[in-house]
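protein01.cif (mmCIF, C-alpha atoms and all ligand atoms)
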data_structure
#
loop_
_atom_site.label_atom_id
_atom_site.label_comp_id
_atom_site.auth_asym_id
_atom_site.auth_seq_id
_atom_site.Cartn_x
_atom_site.Cartn_y
_atom_site.Cartn_z
CA MET A 1 -17.89 32.81 -18.47
CA SER A 2 -19.13 35.57 -16.17
CA GLU A 3 -17.28 36.26 -12.97
CA ARG A 4 -20.04 34.68 -10.99
CA GLU A 5 -20.05 31.56 -13.14
CA GLN A 6 -16.31 31.35 -12.78
CA SER A 7 -16.42 31.50 -9.03
CA VAL A 8 -19.14 28.85 -8.99
CA ALA A 9 -17.00 26.65 -11.21
CA GLN A 10 -14.01 27.20 -8.97
CA ARG A 11 -15.97 26.36 -5.89
CA ALA A 12 -17.35 23.26 -7.57
CA ALA A 13 -13.82 22.22 -8.45
CA ALA A 14 -12.69 22.83 -4.88
CA ASN A 15 -15.63 20.86 -3.51
CA GLN A 16 -14.84 18.07 -5.88
CA GLU A 17 -11.36 17.99 -4.41
CA LYS A 18 -12.76 17.92 -0.92
CA SER A 19 -15.72 15.65 -1.62
CA PRO A 20 -15.93 13.32 1.33
CA VAL A 21 -14.28 9.95 1.03
CA THR A 22 -16.91 7.25 1.42
CA ARG A 23 -14.97 4.07 0.72
CA VAL A 24 -11.26 3.36 0.79
CA PHE A 25 -9.42 0.67 -1.10
CA SER A 26 -5.75 -0.21 -1.09
CA GLY A 27 -3.64 -3.22 -1.87
CA MET A 28 -0.17 -4.61 -1.39
CA GLN A 29 1.63 -7.34 -3.24
CA PRO A 30 2.52 -10.39 -1.16
CA SER A 31 6.20 -10.00 -1.86
CA GLY A 32 7.83 -11.12 1.35
CA GLU A 33 8.40 -10.17 4.94
CA LEU A 34 7.04 -6.78 6.00
CA HIS A 35 9.57 -4.27 7.30
CA LEU A 36 9.78 -0.76 8.74
CA GLY A 37 9.69 0.73 5.24
CA ASN A 38 6.27 -0.86 4.64
CA TRP A 39 5.11 0.26 8.06
CA LEU A 40 6.09 3.91 7.64
CA GLY A 41 5.19 4.04 3.96
CA ALA A 42 1.78 2.38 4.04
CA LEU A 43 0.62 0.23 6.94
CA LYS A 44 0.77 2.90 9.61
CA ASN A 45 -1.51 5.00 7.45
CA TRP A 46 -3.89 2.11 6.81
CA VAL A 47 -4.20 1.49 10.52
CA ALA A 48 -5.15 5.16 11.01
CA MET A 49 -7.60 5.09 8.07
CA GLN A 50 -9.63 2.19 9.38
CA ASP A 51 -10.90 4.38 12.22
CA ARG A 52 -12.05 7.09 9.82
CA TYR A 53 -13.49 5.36 6.74
CA PRO A 54 -14.93 2.06 5.61
CA CYS A 55 -11.74 0.44 4.30
CA ILE A 56 -10.98 -2.54 2.11
CA PHE A 57 -7.43 -3.88 2.12
CA SER A 58 -6.39 -6.51 -0.39
CA VAL A 59 -3.50 -8.92 -0.69
CA VAL A 60 -3.14 -8.51 -4.45
CA ASP A 61 -2.04 -11.98 -5.49
CA LEU A 62 -3.13 -11.58 -9.14
CA HIS A 63 -0.73 -8.67 -9.41
CA ALA A 64 2.02 -10.73 -7.81
CA LEU A 65 1.65 -13.37 -10.54
CA THR A 66 3.36 -10.92 -12.89
CA GLN A 67 6.52 -11.51 -10.85
CA THR A 68 6.30 -14.68 -8.80
CA SER A 69 5.65 -18.12 -10.21
CA ASP A 70 6.46 -20.56 -7.42
CA PRO A 71 3.13 -21.97 -6.11
CA ASP A 72 4.40 -22.88 -2.64
CA GLU A 73 6.03 -19.52 -2.23
CA MET A 74 2.88 -17.76 -3.39
CA LYS A 75 0.76 -19.64 -0.88
CA ALA A 76 3.10 -18.87 1.99
CA ARG A 77 3.51 -15.23 1.08
CA ILE A 78 -0.21 -14.55 0.86
CA ARG A 79 -0.73 -15.91 4.33
CA ASP A 80 2.34 -14.17 5.75
CA MET A 81 1.21 -10.86 4.40
CA ALA A 82 -2.28 -11.15 5.85
CA MET A 83 -0.80 -12.23 9.18
CA GLY A 84 1.65 -9.32 9.06
CA TRP A 85 -1.13 -6.81 8.51
CA LEU A 86 -3.20 -8.15 11.36
CA ALA A 87 -0.16 -8.16 13.62
CA ALA A 88 0.54 -4.55 12.61
CA GLY A 89 -2.90 -3.52 13.83
CA ILE A 90 -5.20 -3.91 10.85
CA ASP A 91 -8.39 -4.87 12.64
CA PRO A 92 -10.98 -7.03 10.85
CA GLU A 93 -13.65 -5.63 13.17
CA LYS A 94 -13.06 -2.21 11.64
CA CYS A 95 -12.21 -2.96 8.02
CA THR A 96 -12.28 -5.69 5.40
CA VAL A 97 -9.22 -7.77 4.58
CA PHE A 98 -9.20 -10.29 1.74
CA VAL A 99 -7.21 -11.90 -1.06
CA GLN A 100 -7.81 -10.31 -4.46
CA SER A 101 -8.18 -13.49 -6.54
CA THR A 102 -11.00 -14.80 -4.33
CA VAL A 103 -13.30 -12.17 -5.84
CA PRO A 104 -13.20 -13.05 -9.54
CA GLU A 105 -14.96 -9.84 -10.54
CA HIS A 106 -11.61 -8.01 -10.30
CA ALA A 107 -10.38 -9.92 -13.33
CA GLU A 108 -13.71 -9.60 -15.10
CA LEU A 109 -13.87 -5.83 -14.74
CA SER A 110 -10.21 -5.61 -15.63
CA TRP A 111 -10.97 -7.09 -19.05
CA VAL A 112 -13.77 -4.60 -19.60
CA LEU A 113 -11.46 -1.73 -18.68
CA THR A 114 -8.71 -2.90 -21.04
CA THR A 115 -11.10 -2.18 -23.90
CA LEU A 116 -11.11 1.48 -22.83
CA THR A 117 -7.35 1.69 -22.41
CA PRO A 118 -5.10 3.08 -25.12
CA MET A 119 -1.82 1.15 -25.40
CA GLY A 120 0.08 4.43 -25.34
CA LEU A 121 -1.12 5.25 -21.83
CA LEU A 122 0.24 1.99 -20.45
CA GLU A 123 3.53 2.42 -22.26
CA ARG A 124 4.05 5.62 -20.30
CA MET A 125 3.63 4.06 -16.85
CA THR A 126 6.90 4.41 -14.97
CA GLN A 127 6.40 1.30 -12.86
CA PHE A 128 6.03 -0.75 -16.04
CA LYS A 129 9.17 0.76 -17.50
CA ASP A 130 11.09 0.05 -14.28
CA LYS A 131 9.89 -3.53 -14.04
CA ALA A 132 10.43 -4.22 -17.72
CA ARG A 133 14.02 -3.25 -17.07
CA SER A 134 14.47 -5.12 -13.78
CA GLN A 135 12.90 -8.36 -15.03
CA ALA A 136 13.83 -8.17 -18.71
CA GLU A 137 13.57 -11.96 -19.00
CA ASN A 138 9.87 -11.86 -18.04
CA VAL A 139 8.11 -8.88 -19.58
CA ASN A 140 4.65 -10.48 -19.72
CA VAL A 141 1.40 -8.88 -20.86
CA GLY A 142 0.21 -8.92 -17.22
CA LEU A 143 3.06 -6.62 -16.31
CA PHE A 144 1.92 -4.30 -19.09
CA SER A 145 -1.76 -4.27 -18.15
CA TYR A 146 -1.02 -4.25 -14.40
CA PRO A 147 -2.47 -0.71 -13.95
CA VAL A 148 -5.76 -1.80 -15.53
CA LEU A 149 -6.16 -4.55 -12.95
CA GLN A 150 -5.33 -2.01 -10.28
CA ALA A 151 -8.05 0.27 -11.69
CA ALA A 152 -10.47 -2.65 -11.50
CA ASP A 153 -9.49 -3.29 -7.86
CA ILE A 154 -10.56 0.21 -6.98
CA THR A 155 -13.63 0.54 -9.19
CA ILE A 156 -15.17 -2.88 -8.54
CA TYR A 157 -16.03 -1.56 -5.03
CA ARG A 158 -16.70 1.97 -6.35
CA ALA A 159 -14.06 3.19 -3.90
CA ASP A 160 -13.25 6.89 -3.94
CA GLY A 161 -10.19 7.07 -1.69
CA VAL A 162 -6.95 5.24 -2.36
CA PRO A 163 -4.17 5.54 0.23
CA VAL A 164 -0.89 5.12 -1.62
CA GLY A 165 2.65 6.41 -1.69
CA GLU A 166 4.04 8.80 -4.27
CA ASP A 167 5.06 5.96 -6.60
CA GLN A 168 1.43 4.88 -7.11
CA VAL A 169 -0.10 8.28 -7.85
CA GLN A 170 0.32 7.74 -11.57
CA HIS A 171 -1.77 4.56 -11.33
CA VAL A 172 -4.55 6.32 -9.43
CA GLU A 173 -4.58 9.14 -11.99
CA PHE A 174 -4.79 6.49 -14.69
CA THR A 175 -7.79 5.00 -12.86
CA ARG A 176 -9.49 8.41 -12.82
CA ASP A 177 -8.96 8.70 -16.58
CA LEU A 178 -10.58 5.32 -17.15
CA VAL A 179 -13.48 6.15 -14.86
CA ARG A 180 -14.17 9.41 -16.69
CA LYS A 181 -14.02 7.64 -19.99
CA PHE A 182 -16.33 4.85 -18.88
CA ASN A 183 -18.87 7.22 -17.35
CA LEU A 184 -18.90 9.41 -20.45
CA LYS A 185 -19.33 6.52 -22.82
CA TYR A 186 -21.74 4.31 -20.88
CA GLY A 187 -23.31 6.49 -18.21
CA LYS A 188 -22.18 7.14 -14.68
CA VAL A 189 -21.38 3.96 -12.82
CA PHE A 190 -18.17 4.87 -10.96
CA PRO A 191 -17.08 7.71 -8.66
CA GLU A 192 -13.74 9.32 -9.50
CA PRO A 193 -11.23 7.99 -7.00
CA ARG A 194 -8.45 10.10 -5.60
CA ALA A 195 -5.12 9.27 -4.06
CA LEU A 196 -4.87 9.82 -0.32
CA LEU A 197 -1.17 10.43 -0.19
CA THR A 198 0.88 8.85 2.54
CA SER A 199 3.63 11.22 3.49
CA SER A 200 5.77 8.23 2.63
CA PRO A 201 9.27 9.06 3.74
CA ARG A 202 12.11 7.37 1.96
CA VAL A 203 13.21 4.87 4.55
CA MET A 204 16.80 3.80 4.00
CA GLY A 205 18.06 0.39 5.03
CA VAL A 206 20.52 -0.21 7.86
CA ASP A 207 23.30 0.01 5.24
CA GLY A 208 22.41 3.70 5.01
CA ASP A 209 22.87 3.52 1.24
CA ARG A 210 19.75 2.13 -0.32
CA LYS A 211 16.01 2.11 0.25
CA MET A 212 15.01 -0.44 2.87
CA SER A 213 14.11 -3.66 1.13
CA LYS A 214 13.88 -7.29 2.04
CA SER A 215 15.65 -8.38 -1.14
CA LEU A 216 18.65 -6.18 -0.32
CA GLY A 217 18.81 -7.65 3.18
CA ASN A 218 19.10 -4.17 4.74
CA HIS A 219 15.69 -4.27 6.39
CA ILE A 220 14.33 -4.32 9.92
CA GLY A 221 11.44 -6.77 9.86
CA LEU A 222 8.18 -6.09 11.66
CA ASN A 223 8.58 -9.47 13.34
CA ASP A 224 12.21 -9.08 14.31
CA SER A 225 12.84 -9.79 17.99
CA ALA A 226 14.55 -7.18 20.16
CA ASP A 227 17.77 -9.23 19.82
CA VAL A 228 17.64 -9.36 16.04
CA LEU A 229 16.82 -5.66 15.94
CA TRP A 230 19.92 -4.82 17.97
CA LYS A 231 22.11 -7.12 15.88
CA LYS A 232 21.05 -5.10 12.84
CA LEU A 233 21.27 -1.67 14.45
CA ALA A 234 24.59 -2.08 16.27
CA PRO A 235 26.70 -2.30 13.09
CA ALA A 236 24.41 0.04 11.09
CA LYS A 237 26.09 2.88 9.26
CA THR A 238 26.22 6.32 10.90
CA ASP A 239 27.80 9.60 9.79
CA VAL A 240 31.19 8.70 8.30
CA ARG A 241 32.82 11.59 10.18
CA ARG A 242 32.41 9.79 13.47
CA VAL A 243 35.35 7.43 13.11
CA ARG A 244 36.29 7.65 16.78
CA ARG A 245 34.01 8.30 19.74
CA THR A 246 35.54 11.78 20.11
CA ASP A 247 34.93 12.82 16.48
CA PRO A 248 31.93 15.13 16.13
CA GLY A 249 29.34 14.38 13.44
CA VAL A 250 26.64 15.95 11.32
CA PRO A 251 23.28 14.43 12.39
CA GLU A 252 21.54 15.51 9.19
CA GLU A 253 23.85 13.19 7.31
CA CYS A 254 23.33 10.21 9.55
CA ASN A 255 20.79 7.55 8.68
CA ILE A 256 20.28 6.70 12.36
CA TYR A 257 19.29 10.31 12.98
CA LYS A 258 16.63 9.85 10.28
CA TYR A 259 15.31 6.90 12.27
CA HIS A 260 15.10 9.24 15.28
CA GLY A 261 12.95 11.41 13.02
CA PHE A 262 10.51 8.53 12.52
CA PHE A 263 10.43 7.08 16.00
CA SER A 264 11.71 9.46 18.67
CA THR A 265 10.27 12.38 20.61
CA ALA A 266 11.34 15.97 19.91
CA ASP A 267 13.43 15.95 23.08
CA GLU A 268 15.22 12.78 22.11
CA ARG A 269 15.91 14.16 18.65
CA ALA A 270 17.37 17.34 20.13
CA TRP A 271 19.49 15.27 22.51
CA ALA A 272 20.80 13.12 19.67
CA ALA A 273 21.55 16.07 17.38
CA GLU A 274 23.37 18.04 20.04
CA GLY A 275 25.26 14.98 21.33
CA CYS A 276 26.35 14.08 17.81
CA ARG A 277 27.55 17.57 16.89
CA SER A 278 29.53 17.94 20.11
CA ALA A 279 30.66 14.31 20.31
CA GLY A 280 28.95 14.36 23.70
CA ILE A 281 27.40 10.96 23.01
CA GLY A 282 28.61 7.96 21.06
CA CYS A 283 26.79 6.36 18.15
CA ARG A 284 26.04 3.35 20.29
CA GLN A 285 24.20 5.43 22.88
CA CYS A 286 22.32 7.15 20.11
CA LYS A 287 21.31 3.81 18.60
CA GLU A 288 20.14 2.48 21.94
CA VAL A 289 17.46 5.15 22.08
CA VAL A 290 16.37 4.38 18.52
CA ALA A 291 16.21 0.68 19.40
CA LYS A 292 14.08 1.41 22.47
CA ASN A 293 11.62 3.40 20.36
CA ILE A 294 11.44 0.90 17.51
CA ASN A 295 10.85 -1.84 20.07
CA ALA A 296 7.97 0.17 21.48
CA VAL A 297 6.36 0.04 18.02
CA LEU A 298 7.19 -3.60 17.37
CA GLU A 299 6.28 -5.01 20.77
CA PRO A 300 2.48 -4.81 20.34
CA MET A 301 2.95 -6.35 16.89
CA ARG A 302 4.94 -9.23 18.37
CA GLU A 303 2.19 -9.82 20.89
CA ARG A 304 -0.59 -9.78 18.31
CA ARG A 305 1.42 -12.12 16.10
CA ALA A 306 1.91 -14.56 18.95
CA GLY A 307 -1.84 -14.45 19.56
CA LEU A 308 -2.56 -15.24 15.92
CA GLU A 309 0.00 -18.00 15.79
CA ALA A 310 -1.71 -19.65 18.73
CA HIS A 311 -4.87 -19.92 16.60
CA PRO A 312 -3.73 -21.31 13.24
CA GLY A 313 -7.15 -21.15 11.55
CA ARG A 314 -7.84 -17.55 12.48
CA VAL A 315 -6.09 -15.77 9.58
CA ASP A 316 -7.81 -17.93 6.96
CA GLU A 317 -11.12 -17.36 8.69
CA ILE A 318 -10.67 -13.59 8.59
CA LEU A 319 -9.74 -13.68 4.89
CA HIS A 320 -12.72 -15.89 4.15
CA GLU A 321 -15.08 -13.51 5.94
CA GLY A 322 -13.64 -10.62 3.95
CA THR A 323 -14.37 -12.35 0.65
CA LYS A 324 -17.87 -13.25 1.73
CA LYS A 325 -18.62 -9.67 2.63
CA LEU A 326 -17.25 -8.26 -0.63
CA LEU A 327 -18.71 -10.65 -3.20
CA PRO A 328 -22.22 -9.14 -3.24
CA LEU A 329 -20.84 -5.63 -3.74
CA ALA A 330 -18.54 -6.76 -6.55
CA ARG A 331 -21.40 -8.61 -8.23
CA GLU A 332 -23.64 -5.62 -7.98
CA THR A 333 -21.07 -3.40 -9.65
CA MET A 334 -20.55 -5.93 -12.44
CA GLY A 335 -24.33 -6.05 -12.92
CA ARG A 336 -24.40 -2.29 -13.41
CA VAL A 337 -21.44 -2.46 -15.77
CA ARG A 338 -23.07 -5.20 -17.84
CA ASP A 339 -26.32 -3.26 -18.06
CA ALA A 340 -24.51 -0.06 -19.01
CA MET A 341 -22.49 -1.79 -21.73
CA GLY A 342 -25.29 -3.86 -23.21
CA ILE A 343 -23.80 -7.26 -22.44
CA PRO A 344 -25.94 -9.93 -20.77
CA ASN A 345 -26.53 -9.55 -17.10
CA ARG A 346 -26.27 -12.99 -15.55
CA GLY A 347 -28.94 -12.19 -12.97
CA ARG A 348 -31.51 -11.54 -15.66
CA TYR A 349 -30.82 -14.93 -17.18
CA GLY A 350 -31.47 -16.64 -13.89
CA ILE A 351 -27.96 -18.03 -13.69
CA GLY A 352 -26.47 -15.67 -11.19
CA GLU A 353 -27.21 -13.11 -8.57
CA ASP A 354 -26.24 -9.84 -10.13
CA ARG A 355 -29.58 -8.25 -9.33
N1 LIG B 1 0.31 -1.45 -7.35
C1 LIG B 1 0.32 -1.32 -5.92
C2 LIG B 1 1.78 -1.35 -5.44
O1 LIG B 1 2.64 -1.78 -6.16
C3 LIG B 1 -0.49 -2.40 -5.25
C4 LIG B 1 -1.94 -2.32 -5.63
C5 LIG B 1 -2.64 -3.18 -6.40
C6 LIG B 1 -2.85 -1.29 -5.24
N2 LIG B 1 -3.92 -2.80 -6.52
C7 LIG B 1 -4.10 -1.65 -5.84
C8 LIG B 1 -2.73 -0.12 -4.47
C9 LIG B 1 -5.20 -0.82 -5.68
C10 LIG B 1 -3.86 0.69 -4.32
C11 LIG B 1 -5.09 0.34 -4.93
O2 LIG B 1 2.05 -0.96 -4.33
#
Would you write out, as structure tokens, the structure that this file holds?
Amino acid sequence: MSEREQSVAQRAAANQEKSPVTRVFSGMQPSGELHLGNWLGALKNWVAMQDRYPCIFSVVDLHALTQTSDPDEMKARIRDMAMGWLAAGIDPEKCTVFVQSTVPEHAELSWVLTTLTPMGLLERMTQFKDKARSQAENVNVGLFSYPVLQAADITIYRADGVPVGEDQVQHVEFTRDLVRKFNLKYGKVFPEPRALLTSSPRVMGVDGDRKMSKSLGNHIGLNDSADVLWKKLAPAKTDVRRVRRTDPGVPEECNIYKYHGFFSTADERAWAAEGCRSAGIGCRQCKEVVAKNINAVLEPMRERRAGLEAHPGRVDEILHEGTKKLLPLARETMGRVRDAMGIPNRGRYGIGEDR
């Protein structure tokens, strides 16, 4: 390649990287009460995204079937999750919220994509390996092909931006691989999606030992009241050096100081760090400021939740509207896929509305 050609290629590559995002898709499994880890790791970012891009957010119940099998629990969790998102500030006027299984084209496209997927690629997925270990008694094929369904989630809407945390980057890269392969084999139908990384901090639970998680019971829930919040924060672990009030500590080694990092102002952080090092303040005082700031984040959520609870049909209505809006787009994509692959297009046979 000549120098000029090289620089053109480089610029093209750079442009590709910066190609504008036109449609965003992300999903979350309905796996129980939302907590501060979900907020900082994903939801906060989603709320910001909805002002910048057309966004689609999905409660991915088909994915959850690989883990949960209790029908009543499933039903409750789907609704809880949608309610939690809306309470957190996901606004159906700005974006689309729906339940994955209500658009059957996800599963349809997923099958098509499995035929392009080498087994070996799925065997390398770290989330599969982790889950196969953590639920050894239930290593189902769905767990194995989980990333293919995720790829279908993204491609069925021809989305090109996927806000995720670090742990999901491998799945988005996998989706890109499939898209390239499909486009090469059958002609260009899909854009190559890219991960829009959340600077997802590792949020530790109030035990200070492990990642915040509902199943470990070390979480602060997004619908915790101010009382419940304080009951969890008051006994929460701080730097072990601060046995007595007069013992100085090392803020960098205190989990509560990390919470200051997420929720407090620069001045408050400086106050906490200096007070900790000099034993000028006690851990309780330090926690009170964290509690005030977390409450400032949770209070609008509590209010929105109360509003939604006063109108029981509202959440279902919003989800229903989301599905209605998305079905035509999903059908159109499947029509293109069917045409490209040489399988019958239902629309052409007068038994559907693909075209
Ligand atoms: N696998 C994701 C997770 O565990 C959830 C998910 C399903 C998803 N489909 C998606 C995320 C599509 C982004 C895009 O968090």
### Query
Can you tell me, as a list of chain:residue names, what residues are no more than 9 Å from Lys181 (chain A) when counting only C-alpha atoms, ignoring any on the same chain fewer than 5 positions away?
A:Leu116, A:Arg176, A:Tyr186
### Task
Excluding region 283-289 of chain A and any residue of its chain fewer than 3 positions from it, enumerate the residues within 7 Å of it, using all atoms listed in the file, and give them as a ChimeraX atom specification.
/A:233-234,256,272,292-293
### Query
By how many Å are CA of Val164 (chain A) and CA of Gln150 (chain A) apart?
12.1 Å
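Among the candidate residues A:Val141, A:Ile154, A:Val99, A:Val290, the one lying nearest to ligand LIG 1 (chain B) is A:Ile154, with distances computed using all atoms listed in the file.
Inspection of the environment of ligand LIG 1 (chain B), which uses only C-alpha atoms and all ligand atoms and a cut-off of 7 Å, identifies the neighbouring residues as Phe25, Ser26, Gly27, Met28, Gln29, Val60, His63, Gln150, Ala151, Asp153, Ile154, Val162, Pro163, Val164 and Gln168 of chain A.
Considering all atoms listed in the file, the residue among A:Gly322, A:Gly142, A:Pro251, A:Gly221 positioned nearest to Leu65 (chain A) is A:Gly142.
Coordinates place CA of Pro30 (chain A) at a distance of 22.9 Å from CA of Val228 (chain A).
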#### Entry: Residue neighbourhood Arg304 (chain A), 9 Å, only C-alpha atoms, exclusion window fewer than 4 positions, as a PyMOL selection string
chain A and resi 86-89+299-300+308-309
### Option closest in space to Asp224 (chain A), from A:Asp239, A:Gly205, A:Leu122, A:Leu36 [counting all atoms listed in the file]
A:Leu36
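You can rank A:Leu143, A:Met125, A:Asp267, A:Gly161 by their closest distance to Arg52 (chain A) using all atoms listed in the file, and at the top of that list sits A:Gly161.
CA of Leu109 (chain A) to CA of Ala152 (chain A) spans 5.7 Å [interatomic distance, one decimal].
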### Message
Give me the residues near Cys95 (chain A) as a ChimeraX atom specification, where near means some atom within 8 Å (using only C-alpha atoms) and where sequence neighbours in that chain fewer than 6 positions away do not count.
### Response
/A:50,54-57
Start from the incomplete input, build N, CA, C and O atoms for region 196-208 of chain A, and deliver everything as a PDB file, in the frame of the given file.
ATOM      1  N   LEU A 196      -5.054   9.234  -1.649  1.00  0.00           N
ATOM      2  CA  LEU A 196      -4.870   9.820  -0.320  1.00  0.00           C
ATOM      3  C   LEU A 196      -3.398   9.586   0.006  1.00  0.00           C
ATOM      4  O   LEU A 196      -3.009   8.492   0.414  1.00  0.00           O
ATOM      5  N   LEU A 197      -2.620  10.614  -0.253  1.00  0.00           N
ATOM      6  CA  LEU A 197      -1.170  10.430  -0.190  1.00  0.00           C
ATOM      7  C   LEU A 197      -0.642  10.156   1.212  1.00  0.00           C
ATOM      8  O   LEU A 197      -0.969  10.872   2.154  1.00  0.00           O
ATOM      9  N   THR A 198       0.137   9.111   1.323  1.00  0.00           N
ATOM     10  CA  THR A 198       0.880   8.850   2.540  1.00  0.00           C
ATOM     11  C   THR A 198       2.097   9.737   2.465  1.00  0.00           C
ATOM     12  O   THR A 198       2.736   9.796   1.425  1.00  0.00           O
ATOM     13  N   SER A 199       2.403  10.423   3.545  1.00  0.00           N
ATOM     14  CA  SER A 199       3.630  11.220   3.490  1.00  0.00           C
ATOM     15  C   SER A 199       4.787  10.227   3.571  1.00  0.00           C
ATOM     16  O   SER A 199       5.530  10.184   4.520  1.00  0.00           O
ATOM     17  N   SER A 200       4.862   9.378   2.542  1.00  0.00           N
ATOM     18  CA  SER A 200       5.770   8.230   2.630  1.00  0.00           C
ATOM     19  C   SER A 200       7.224   8.696   2.569  1.00  0.00           C
ATOM     20  O   SER A 200       7.724   9.100   1.537  1.00  0.00           O
ATOM     21  N   PRO A 201       7.876   8.662   3.716  1.00  0.00           N
ATOM     22  CA  PRO A 201       9.270   9.060   3.740  1.00  0.00           C
ATOM     23  C   PRO A 201      10.102   7.971   3.074  1.00  0.00           C
ATOM     24  O   PRO A 201       9.683   6.818   3.032  1.00  0.00           O
ATOM     25  N   ARG A 202      11.219   8.355   2.540  1.00  0.00           N
ATOM     26  CA  ARG A 202      12.110   7.370   1.960  1.00  0.00           C
ATOM     27  C   ARG A 202      12.877   6.743   3.115  1.00  0.00           C
ATOM     28  O   ARG A 202      13.714   7.402   3.733  1.00  0.00           O
ATOM     29  N   VAL A 203      12.554   5.517   3.423  1.00  0.00           N
ATOM     30  CA  VAL A 203      13.210   4.870   4.550  1.00  0.00           C
ATOM     31  C   VAL A 203      14.404   4.085   4.033  1.00  0.00           C
ATOM     32  O   VAL A 203      14.252   3.144   3.262  1.00  0.00           O
ATOM     33  N   MET A 204      15.598   4.492   4.446  1.00  0.00           N
ATOM     34  CA  MET A 204      16.800   3.800   4.000  1.00  0.00           C
ATOM     35  C   MET A 204      17.051   2.580   4.868  1.00  0.00           C
ATOM     36  O   MET A 204      16.653   2.536   6.029  1.00  0.00           O
ATOM     37  N   GLY A 205      17.718   1.602   4.289  1.00  0.00           N
ATOM     38  CA  GLY A 205      18.060   0.390   5.030  1.00  0.00           C
ATOM     39  C   GLY A 205      19.155   0.644   6.040  1.00  0.00           C
ATOM     40  O   GLY A 205      19.718   1.744   6.099  1.00  0.00           O
ATOM     41  N   VAL A 206      19.480  -0.375   6.839  1.00  0.00           N
ATOM     42  CA  VAL A 206      20.520  -0.210   7.860  1.00  0.00           C
ATOM     43  C   VAL A 206      21.898  -0.016   7.229  1.00  0.00           C
ATOM     44  O   VAL A 206      22.843   0.384   7.902  1.00  0.00           O
ATOM     45  N   ASP A 207      22.023  -0.273   5.919  1.00  0.00           N
ATOM     46  CA  ASP A 207      23.300   0.010   5.240  1.00  0.00           C
ATOM     47  C   ASP A 207      23.470   1.517   4.994  1.00  0.00           C
ATOM     48  O   ASP A 207      24.542   1.977   4.630  1.00  0.00           O
ATOM     49  N   GLY A 208      22.346   2.254   5.192  1.00  0.00           N
ATOM     50  CA  GLY A 208      22.410   3.700   5.010  1.00  0.00           C
ATOM     51  C   GLY A 208      22.553   4.140   3.560  1.00  0.00           C
ATOM     52  O   GLY A 208      22.604   5.325   3.272  1.00  0.00           O
TER      53      GLY A 208
END
